[in-house]
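Presented below is the structure to which this report refers.
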Amino acid sequence: MSNHVITMYDYHVWANQTLINRLKEVPRELYTQEMKSVFPTIAKTLVHVYLVDSTWIEIMKGAEMKDAMAANLSQMEQLEAKTLEELEVFFHEVAQKYRGFISAHDDLDQTIVLDNPYTRVRETSYTEILMNIITHATYHRGNISAMLRQADYASTMTDYALYWYEKNKDLATAENRCE
């Protein structure tokens with residue numbers, strides 16, 4: 001399972017970057033334009049995805065859930081004022097934190113006790129947490145895609161199946177450079 005969740009995490013990073021790249025192609029004002037959706041703007045949706053990723057890595061590194069949530073939520077307004085390119089840097093940094101965590105842990109199926117202030121205490125594995133952040137972001141990338149279409153712009157495909165081909169294309173390109 002650990003290898004699969006690592007691949008899925010790599011997909012998560014790829015899909016976020018693919019969507020960010022698409023957002024760079026649409027008019028700048030669309031990023032903060034108010035719309036009827038789960039979140040009122042694309043910016044707020046993307047910040048939410050980042051904050052959830054950022055919160056979970058802190059929990060995985062040992063922070064109490066309520067403390068990690070409070071620390072990250074206190075940044076929300078400041079992050080929502082950032083440009084797309086500035087937020088992109090934050091996404092890269094949190095991905096590096098996850099990659100460092102993953103490479104430092106041989107057993108991602110190891111469990112920790114999670115004290116969720118919204119539900120209850122439960123034991124969960126790093127693998128489950130990673131799958132949660134992956135599926136959470138997938139849901140909200142879908143929200144952003146719907147927002148783009150609502151504003152009469154095409155979105156971009158971030159399906160896992162496309163990732164397979166993109167990943168293989170990158171490997172083939174690297175192999176051709178080695179020949």
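By order in the structure tokens, chains are A, B, ...; within a chain, residues start at 1; ligands start at 1, following the order shown.
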TODO: Please run DSSP on the backbone and report, as a PyMOL selection string, all residues within segment 17-83 of chain A that come out as alpha helix (DSSP H).
DONE: chain A and resi 17-23+42-60+65-73+76-80
For the residues in the current selection, export N, CA, C and O atoms as a compact mmCIF listing (two decimals), in the first residue's frame.
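Saved file out_6.txt follows:
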```txt
# COMPACT_ATOMS: atom_id res chain seq x y z
N GLN A 17 -0.62 21.23 -9.65
CA GLN A 17 0.19 22.07 -10.53
C GLN A 17 -0.46 22.22 -11.90
O GLN A 17 -0.43 23.30 -12.48
N THR A 18 -1.06 21.16 -12.40
CA THR A 18 -1.75 21.22 -13.69
C THR A 18 -2.87 22.25 -13.64
O THR A 18 -3.03 23.06 -14.56
N LEU A 19 -3.64 22.25 -12.55
CA LEU A 19 -4.72 23.22 -12.41
C LEU A 19 -4.17 24.63 -12.24
O LEU A 19 -4.67 25.58 -12.84
N ILE A 20 -3.14 24.80 -11.46
CA ILE A 20 -2.52 26.12 -11.30
C ILE A 20 -2.03 26.63 -12.65
O ILE A 20 -2.24 27.81 -12.98
N ASN A 21 -1.42 25.77 -13.43
CA ASN A 21 -0.95 26.19 -14.76
C ASN A 21 -2.11 26.66 -15.62
O ASN A 21 -1.99 27.65 -16.35
N ARG A 22 -3.25 25.98 -15.54
CA ARG A 22 -4.43 26.41 -16.30
C ARG A 22 -4.93 27.76 -15.80
O ARG A 22 -5.29 28.63 -16.58
N LEU A 23 -4.94 27.94 -14.49
CA LEU A 23 -5.41 29.22 -13.93
C LEU A 23 -4.54 30.39 -14.37
O LEU A 23 -5.02 31.52 -14.48
N ILE A 42 -12.30 31.34 -6.74
CA ILE A 42 -11.29 30.32 -7.01
C ILE A 42 -10.16 30.46 -6.01
O ILE A 42 -9.65 29.46 -5.49
N ALA A 43 -9.77 31.70 -5.71
CA ALA A 43 -8.68 31.93 -4.76
C ALA A 43 -8.98 31.30 -3.40
O ALA A 43 -8.13 30.61 -2.83
N LYS A 44 -10.18 31.50 -2.90
CA LYS A 44 -10.54 30.94 -1.59
C LYS A 44 -10.56 29.41 -1.63
O LYS A 44 -10.19 28.76 -0.66
N THR A 45 -10.97 28.85 -2.76
CA THR A 45 -10.99 27.40 -2.89
C THR A 45 -9.57 26.84 -2.87
O THR A 45 -9.28 25.88 -2.16
N LEU A 46 -8.70 27.47 -3.64
CA LEU A 46 -7.32 27.01 -3.72
C LEU A 46 -6.60 27.19 -2.38
O LEU A 46 -5.83 26.32 -1.96
N VAL A 47 -6.86 28.29 -1.70
CA VAL A 47 -6.28 28.50 -0.37
C VAL A 47 -6.77 27.42 0.59
O VAL A 47 -5.99 26.89 1.39
N HIS A 48 -8.03 27.07 0.50
CA HIS A 48 -8.56 26.00 1.36
C HIS A 48 -7.80 24.70 1.14
O HIS A 48 -7.42 24.02 2.10
N VAL A 49 -7.57 24.34 -0.12
CA VAL A 49 -6.83 23.11 -0.43
C VAL A 49 -5.43 23.19 0.20
O VAL A 49 -4.98 22.25 0.85
N TYR A 50 -4.78 24.32 0.01
CA TYR A 50 -3.43 24.48 0.58
C TYR A 50 -3.46 24.36 2.10
O TYR A 50 -2.62 23.68 2.70
N LEU A 51 -4.41 25.03 2.75
CA LEU A 51 -4.46 25.01 4.22
C LEU A 51 -4.71 23.60 4.76
O LEU A 51 -4.14 23.22 5.78
N VAL A 52 -5.55 22.84 4.09
CA VAL A 52 -5.80 21.47 4.54
C VAL A 52 -4.52 20.65 4.39
O VAL A 52 -4.12 19.93 5.30
N ASP A 53 -3.85 20.78 3.24
CA ASP A 53 -2.57 20.07 3.06
C ASP A 53 -1.58 20.47 4.14
O ASP A 53 -0.90 19.63 4.74
N SER A 54 -1.49 21.76 4.39
CA SER A 54 -0.54 22.29 5.37
C SER A 54 -0.87 21.83 6.79
O SER A 54 0.02 21.50 7.57
N THR A 55 -2.14 21.76 7.11
CA THR A 55 -2.57 21.30 8.42
C THR A 55 -2.21 19.84 8.64
O THR A 55 -1.66 19.46 9.68
N TRP A 56 -2.52 19.01 7.65
CA TRP A 56 -2.28 17.58 7.82
C TRP A 56 -0.81 17.24 7.94
O TRP A 56 -0.44 16.34 8.70
N ILE A 57 0.07 17.92 7.23
CA ILE A 57 1.50 17.59 7.37
C ILE A 57 1.97 17.92 8.77
O ILE A 57 2.78 17.20 9.34
N GLU A 58 1.45 18.98 9.35
CA GLU A 58 1.83 19.32 10.73
C GLU A 58 1.33 18.25 11.70
O GLU A 58 2.03 17.89 12.65
N ILE A 59 0.14 17.74 11.46
CA ILE A 59 -0.41 16.67 12.30
C ILE A 59 0.45 15.41 12.14
O ILE A 59 0.79 14.76 13.13
N MET A 60 0.81 15.08 10.93
CA MET A 60 1.64 13.90 10.69
C MET A 60 3.00 14.03 11.36
O MET A 60 3.57 13.04 11.79
N MET A 65 -4.12 18.11 16.39
CA MET A 65 -4.97 18.57 15.29
C MET A 65 -5.53 19.98 15.55
O MET A 65 -5.48 20.83 14.67
N LYS A 66 -6.04 20.23 16.74
CA LYS A 66 -6.63 21.55 17.02
C LYS A 66 -5.59 22.66 16.92
O LYS A 66 -5.88 23.75 16.44
N ASP A 67 -4.35 22.38 17.33
CA ASP A 67 -3.28 23.38 17.24
C ASP A 67 -2.87 23.63 15.79
O ASP A 67 -2.67 24.77 15.38
N ALA A 68 -2.74 22.56 15.03
CA ALA A 68 -2.37 22.70 13.62
C ALA A 68 -3.45 23.45 12.85
O ALA A 68 -3.16 24.31 12.02
N MET A 69 -4.71 23.14 13.15
CA MET A 69 -5.82 23.83 12.48
C MET A 69 -5.82 25.31 12.82
O MET A 69 -5.96 26.16 11.94
N ALA A 70 -5.66 25.63 14.09
CA ALA A 70 -5.67 27.03 14.51
C ALA A 70 -4.52 27.81 13.88
O ALA A 70 -4.71 28.94 13.40
N ALA A 71 -3.33 27.23 13.86
CA ALA A 71 -2.17 27.91 13.29
C ALA A 71 -2.37 28.18 11.81
O ALA A 71 -2.05 29.27 11.32
N ASN A 72 -2.89 27.20 11.09
CA ASN A 72 -3.07 27.38 9.66
C ASN A 72 -4.25 28.27 9.32
O ASN A 72 -4.17 29.09 8.41
N LEU A 73 -5.34 28.16 10.07
CA LEU A 73 -6.50 29.02 9.80
C LEU A 73 -6.19 30.49 10.07
O LEU A 73 -6.76 31.38 9.44
N MET A 76 -5.32 32.32 6.89
CA MET A 76 -6.25 32.29 5.77
C MET A 76 -6.38 33.63 5.05
O MET A 76 -6.23 33.70 3.83
N GLU A 77 -6.67 34.66 5.78
CA GLU A 77 -6.88 35.97 5.16
C GLU A 77 -5.63 36.44 4.41
O GLU A 77 -5.71 36.95 3.29
N GLN A 78 -4.49 36.25 5.03
CA GLN A 78 -3.22 36.63 4.41
C GLN A 78 -2.99 35.83 3.12
O GLN A 78 -2.57 36.39 2.10
N LEU A 79 -3.28 34.55 3.15
CA LEU A 79 -3.09 33.71 1.96
C LEU A 79 -4.07 34.07 0.85
O LEU A 79 -3.72 34.02 -0.33
N GLU A 80 -5.29 34.42 1.23
CA GLU A 80 -6.29 34.77 0.22
C GLU A 80 -5.92 36.05 -0.52
O GLU A 80 -6.38 36.29 -1.62
```
Could you build a table of the residues in segment 26-120 of chain A lying no more than 6 Å from segment 125-137 of chain A, giving for each the nearest pair of atoms and their separation in Å rounded to one decimal place, using only C-alpha atoms, ordered by chain and ascending residue number, as a Markdown table?
```
| residue | atom | partner | partner_atom | distance |
| --- | --- | --- | --- | --- |
| A:Val49 | CA | A:Ala137 | CA | 5.8 |
| A:Leu108 | CA | A:Tyr126 | CA | 5.1 |
| A:Asp109 | CA | A:Ser125 | CA | 5.2 |
| A:Gln110 | CA | A:Ser125 | CA | 5.3 |
| A:Thr111 | CA | A:Ser125 | CA | 4.0 |
```
Restrict the selected residues to N, CA and C atoms and save them as a PDB file, in the first residue's frame.
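Saved file part-v5.pdb follows:
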```
ATOM      1  N   VAL A  49      -7.568  24.339  -0.119  1.00  0.00           N
ATOM      2  CA  VAL A  49      -6.828  23.110  -0.427  1.00  0.00           C
ATOM      3  C   VAL A  49      -5.435  23.189   0.196  1.00  0.00           C
ATOM      4  N   LEU A 108       4.484   3.761   6.202  1.00  0.00           N
ATOM      5  CA  LEU A 108       3.388   4.735   6.150  1.00  0.00           C
ATOM      6  C   LEU A 108       2.083   4.157   6.666  1.00  0.00           C
ATOM      7  N   ASP A 109       2.063   2.855   6.912  1.00  0.00           N
ATOM      8  CA  ASP A 109       0.882   2.236   7.516  1.00  0.00           C
ATOM      9  C   ASP A 109       0.906   2.334   9.042  1.00  0.00           C
ATOM     10  N   GLN A 110       1.971   2.933   9.561  1.00  0.00           N
ATOM     11  CA  GLN A 110       2.058   3.183  11.009  1.00  0.00           C
ATOM     12  C   GLN A 110       0.878   4.056  11.426  1.00  0.00           C
ATOM     13  N   THR A 111       0.370   3.798  12.627  1.00  0.00           N
ATOM     14  CA  THR A 111      -0.796   4.559  13.085  1.00  0.00           C
ATOM     15  C   THR A 111      -0.402   5.586  14.139  1.00  0.00           C
TER      16      THR A 111
END
```
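For Ala154 of chain A, the set of protein, DNA and RNA residues having any atom at most 8 Å away, when counting only C-alpha atoms and skipping those fewer than 5 positions along the same chain, is Ser145, Leu148 and Arg149 of chain A.
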Open item on the list: If we count only C-alpha atoms and set the cut-off at 12 Å, which residues sit around Lys24 of chain A, ignoring sequence neighbours fewer than 3 positions away in its own chain? Please answer as a ChimeraX atom specification.
Closed with: /A:17-21,27-31,83-88,155-156
Open item on the list: Quick one: residues within 8 Å of Glu123 of chain A, only C-alpha atoms, excluding same-chain residues fewer than 5 positions away - as a VMD selection string?
Closed with: chain A and resid 111 to 114
Open item on the list: Could you tell me how far atom CA of Met147 of chain A sits from atom CA of Thr41 of chain A, in Å to one decimal place?
Closed with: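 Value for the atom CA of Thr41 of chain A-atom CA of Met147 of chain A distance: 8.2 Å.
You will find atom CA of Phe101 of chain A at 11.1 Å from atom CA of Ile6 of chain A.
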